[in-house]
Every structure is written in C-alpha cells, then in structure tokens.
Amino acid sequence: MSKRKAVAAVSERNWPAPVRLARTIAMDVIASDIPVGTHIGFLPDVAKRYGISVPTLRKAITFLQEDGIVVPREGRGGGLVVAALPAETAVQAMYVFFSQVGVSIGQVREARDMIDVALAERACRYADAEMLAEVERIFRESRQPDADRMQAIRQFDKAILHAARQPVFALIFEVLGSLEAELADLAEFDVTEQLRLRSSCSRAIIGGNLADAITYRRLLQPFRDQFEGQRRSGRLGDRVAAAIKSLIAERDLGPGDELGREAELQELLGVGRITLRDALRPLERSGAIRVMPGRKGGIFVGAAEPYAAIEMISLYLSSIELSFDAQIESRLVLEPKAAWLAAERRERELAERLASAAGEDRTAALTDAPGWQDKGAQVERLIARACGNPLIEFFTLALVEISLIQGRSQAAALEENRASFMELVSRHHGQIVDEIVARHPARAAFATRVYLHDLHSWVSEATERYSPGIQRPVPASHLHSTSKT
C-alpha cells in the first residue's frame, strides 16, 4: 500500500463533522441540565436545529452512544433521548488517551502516591457508622472457608472510595489503577497479604489514624482483573483497536501519516465494517487517529491530544454537578504538586514561555484586554506541562477546564467585580511563576496553595454579594491540602 501525503494539521478544529457535532450536542445537553430520559427531538428536527443532515447526525449519535450521553429510540415517540453519563465513560476516555501517549510506571506511581494521600485524608475525615458496618461485614465474610477473597478486595476498595466522597479523586484512582495493573509487574500479587492490608487500611480510616491509613494505602496493589471493565479487552472492537495501535508502531507512523482506507484495514485485520468502526471510535476520541471522509480521505495517525479525554471528564463532572468546593479541594491536591515538580524539573525554554505568559496575563489584566481569561488559563496550562508528568498535567488541565465552565456559570457575579478578580488571579500567577523560574519547589507549591485559598474566598464572597441568601461554599480554611511533599 502506497503512503500518501500526510495531513497537514492534526487538531481539534479539523475533526470530522460528526465528531464536532457530537461534542456540541453533548455540551448542550450538559449545559441545559436536561433530566435523564428526556426526549430532545426527532432526528429530522435535531438535524434541522443544528443545521446538518440526518446522515451526519446518525454518525454523531454513534459517538454520543459510546459516551453514554444520548440514545436513539425507535418507533412512535422516538428520536434522541438523554441517557446517564457514567463515570466509566470518562475513565475509558482517559485510559485510551494515556495508553496512546505512553506513560511509565514511575509516572503512574508518582501520581498515585499523591492521590493515595488525598483519599486517605478524606476518608479519615468522613468515615462514618455506615463504613464501619460495611468494613466489619466484608471482614467477617472474607474469613469464611469458601470466601471470594478477590471480591472482598474489590469491596474494601469501594468502601474506601465511598468514604472519601470525592468524585474527582475516585475517577483518578480508577484510571491510575487501570494503568498500574497493566504496566507493573504484578505476577507476585499476594491475595492474602493484599486483603490484610486493605482490612488494616479500612480500620485505620475508621479510627481516624491518618498516618497508618496513608502507609497502608501506599502498600495496596491493584490486580489486573479489577480494572478489566475500563480496558474492556474482551470486546472484539478493543482487540482490533490494539491491533491498529500495533500497526502504527510497526510502521513507525507519526501524526498526519496515513494508516489506510477503511476497506483496506477491514481486509488487513480480517474484520467487518461495524467491528472496525467500533474499534476506531475510542481511538478517534482520544486523538490517536483521525478519520477523514471523502474521496481523498482515509484513516490518519493523530497527535493524541488530550482535548477529547479532558472533555469527557469535564462533561462527567458537570453532569454530577461537581461543587465549587470539591473543585477547589481537588485543585489544592493537584496544582501545588504540579508547581513543585515544575520548579524542581524546570527547563529553560518552558521557563521562558512561562515568564512570558505570566507577563502577558498581567498586562491583559491591568488593561482589561479582551480574552484575558484565556491568557490566565494559558499560564496554568504551562505550569501543568512543566511538571513533567503527563498524568498530573492531564488531571490539572481537566480541572482548569472545569474552572472555566464554572466561571461561565458565575459570569454575572464575576463581571460585577471584574477588575478585582483579574488583579487577584494575575498577581498570584506572577508569584507562582517567579518561584518556578527561580527553582524554589516549596515556595512554588506554597504560592499555589495561597492562590487557591484566596480564589475560593474571593469567589465565595462575590457570589454572596450578587446572590445574597444562597448557601455559601465551605470557608477556604476548611479545605485541606494533602500535597505538601
């Protein structure tokens, strides 16, 4: 098969119409807060609403179904119906993305150590009588002669996650566990020992013994079958997706290089059209490939950009109405760690870009320039990139995106105090960047924590002034950072 000219640009803007349409519909569904089960229109009506053809809409529906956002209903009263957006969809999107870009077991464990501490701290704070009863039941049943000890391990992990009551950490734990189970050498997984450690961790949490809870959590190992649902490797489509990724590696193809046409890949892989498209969808959503329609189209290697996966986690967290308090608490765990690592691993070129971005952010804030919010977000994105760990970078970027979404929902309150808000954010950004450029890890992390506390207080007060009488967020002093090291 001859290799044709590579696609000139691989970016979110050039995604095929069905993918862009699926993203637009998903955002509209989430933004409109439409209840699950709501009929949002017959296919011709929805197509007319978005100014596209019914065939294009049908293609978009395959992506929306994959994401669990809407489902088509046949017959009278049919059309598009809103479905639940499961956490598994967001985890799968993240897993596919990280599998494509490649992460090391060291990077996974660096990120996991941070989340383990956060989960232990949260669980110790919120463990209640319900968790006590659940842990005692699991422990009692696990000691029976015919007990399923692997099931007991799953139940202990679920009880700890439930006690922590933090959906962001729960999502991160799931994807990190899935990656670690695949990348680590877990041949020596000791079921008896791991069950004992989980029991001890749970009891430490119930007793409020944070030091022991953290120690035990760091010793817990995932096992491969525990995260099979995220990898879904038993599905034919997923095995075909794995074969496509192997094909890209074998041919040493880079972003923009052509992989082939649909018919060629069907013949090469020995699969039908439906199976091939089932395999291509998650790869396309992760940015691993790009499907270009038309006579000169084909299937091309993508740049594995994080936008689609970040969108899925932001859609999920928006769908469960992640509170501003929970968002800030998550940022207090992730962003100080990112700033610490950015200062510790500072590279000259990225440091210069950071300093330049912080300067533009400050100038735009002082002059109230259009697009100031984007300049502020760019500073935070560069800090995330500078940390040198693609997992921490991704999770931080996802929370920045959530912040932008919540900022739009609070636009009226923020607009009243725009100058004050811009001054606060740009000033703190400058302080954080100064510490990173000067290679002061502890100071960079501290400056980040101060920024997030001040941001929380400012937004809480501004919202209260604009909408008096509404329930205010938890005071910033009650939000505990667990990423001091």
# chains A, B, ... in the order shown; residues from 1 in each chain; ligands from 1
$ residues_around --residues "Gly207 in chain A" --least-positions-apart "2" --cutoff "12 Å" --atoms "only C-alpha atoms" --output "VMD selection string"
chain A and resid 120 123 to 129 131 to 132 200 to 205 209 to 213
$ residues_around --residues "Val400 in chain A" --least-positions-apart "6" --cutoff "9 Å" --atoms "only C-alpha atoms" --output "count of residues only"
4
$ closest_residue --among "A:Ile392, A:Gln327, A:Glu347, A:Ala384" --to "Leu404 in chain A" --atoms "only C-alpha atoms"
A:Gln327
$ atom_distance --atom1 "CA of Ile138 in chain A" --atom2 "CA of Asp157 in chain A"
10.9 Å
$ select_by_dssp --residues "range 81-292 of chain A" --states "strand (DSSP E or B)" --output "list in words"
Val81, Val82, Glu258, Leu259, Gly260, Ile289, Arg290, Val291 and Met292 of chain A
$ residues_around --residues "Gly376 in chain A" --least-positions-apart "4" --cutoff "12 Å" --atoms "only C-alpha atoms" --output "VMD selection string"
chain A and resid 354 356 to 365 369 to 372 380 to 383 400 403 to 404 421 to 430 433
$ select_by_dssp --residues "range 137-243 of chain A" --states "alpha helix (DSSP H)" --output "ChimeraX atom specification"
/A:137-142,149-164,167-183,191-206,210-219,228-231,236-243
$ atom_distance --atom1 "CA of Ala339 in chain A" --atom2 "CA of Phe98 in chain A"
21.5 Å
$ residues_around --residues "range 50-62 of chain A" --least-positions-apart "4" --cutoff "8 Å" --atoms "only C-alpha atoms" --output "list in words"
Ala17, Pro18, Val19, Leu21, Ala22, Leu43, Pro44, Val46, Glu66, Val70, Val71 and Pro72 of chain A
$ closest_residue --among "A:Leu332, A:Ile105, A:Ala159, A:Val168" --to "Asp454 in chain A" --atoms "only C-alpha atoms"
A:Leu332
$ closest_residue --among "A:Leu179, A:Val333, A:Val103, A:Ala163" --to "Val117 in chain A" --atoms "only C-alpha atoms"
A:Val333
$ atom_distance --atom1 "CA of Leu391 in chain A" --atom2 "CA of Ala343 in chain A"
17.2 Å
$ residues_around --residues "Phe300 in chain A" --least-positions-apart "3" --cutoff "6 Å" --atoms "only C-alpha atoms" --output "count of residues only"
6
$ residues_around --residues "Glu130 in chain A" --least-positions-apart "6" --cutoff "12 Å" --atoms "only C-alpha atoms" --output "ChimeraX atom specification"
/A:136-137,159-160,162-163,206
$ residues_around --residues "Cys387 in chain A" --least-positions-apart "3" --cutoff "12 Å" --atoms "only C-alpha atoms" --output "MDAnalysis selection string"
chainID A and resid 107 110:111 334:347 350:351 380:384 390:397 436 441 444:445
$ write_last_selection --atoms "C-alpha atoms" --output "compact mmCIF listing (two decimals), in the first residue's frame"
# COMPACT_ATOMS: atom_id res chain seq x y z
CA GLN A 107 4.88 8.41 36.48
CA GLU A 110 4.17 9.39 41.37
CA ALA A 111 0.61 10.48 40.62
CA LEU A 334 -3.04 18.57 42.25
CA GLU A 335 -1.79 22.07 41.47
CA PRO A 336 0.69 22.59 44.34
CA LYS A 337 2.25 19.25 43.38
CA ALA A 338 2.41 20.35 39.73
CA ALA A 339 4.04 23.66 40.73
CA TRP A 340 6.54 21.84 42.98
CA LEU A 341 7.56 19.47 40.17
CA ALA A 342 7.65 22.32 37.63
CA ALA A 343 10.17 24.20 39.79
CA GLU A 344 12.14 21.04 40.54
CA ARG A 345 12.33 19.99 36.87
CA ARG A 346 12.46 23.43 35.32
CA GLU A 347 13.58 23.51 31.70
CA LEU A 350 9.49 26.25 29.12
CA ALA A 351 10.52 28.59 31.93
CA GLU A 380 -1.97 27.37 34.36
CA ARG A 381 -1.69 25.05 31.36
CA LEU A 382 2.03 25.80 31.02
CA ILE A 383 2.62 25.15 34.73
CA ALA A 384 0.88 21.79 34.31
CA PRO A 390 1.65 13.65 31.75
CA LEU A 391 -0.83 12.23 34.26
CA ILE A 392 -0.61 15.14 36.70
CA GLU A 393 -0.60 17.52 33.72
CA PHE A 394 -3.77 15.96 32.32
CA PHE A 395 -5.69 15.96 35.61
CA THR A 396 -4.69 19.58 36.24
CA LEU A 397 -5.80 20.61 32.74
CA ILE A 436 9.09 28.16 39.47
CA PRO A 441 9.77 23.99 44.69
CA ALA A 444 6.05 27.48 44.28
CA ALA A 445 3.76 24.92 45.94
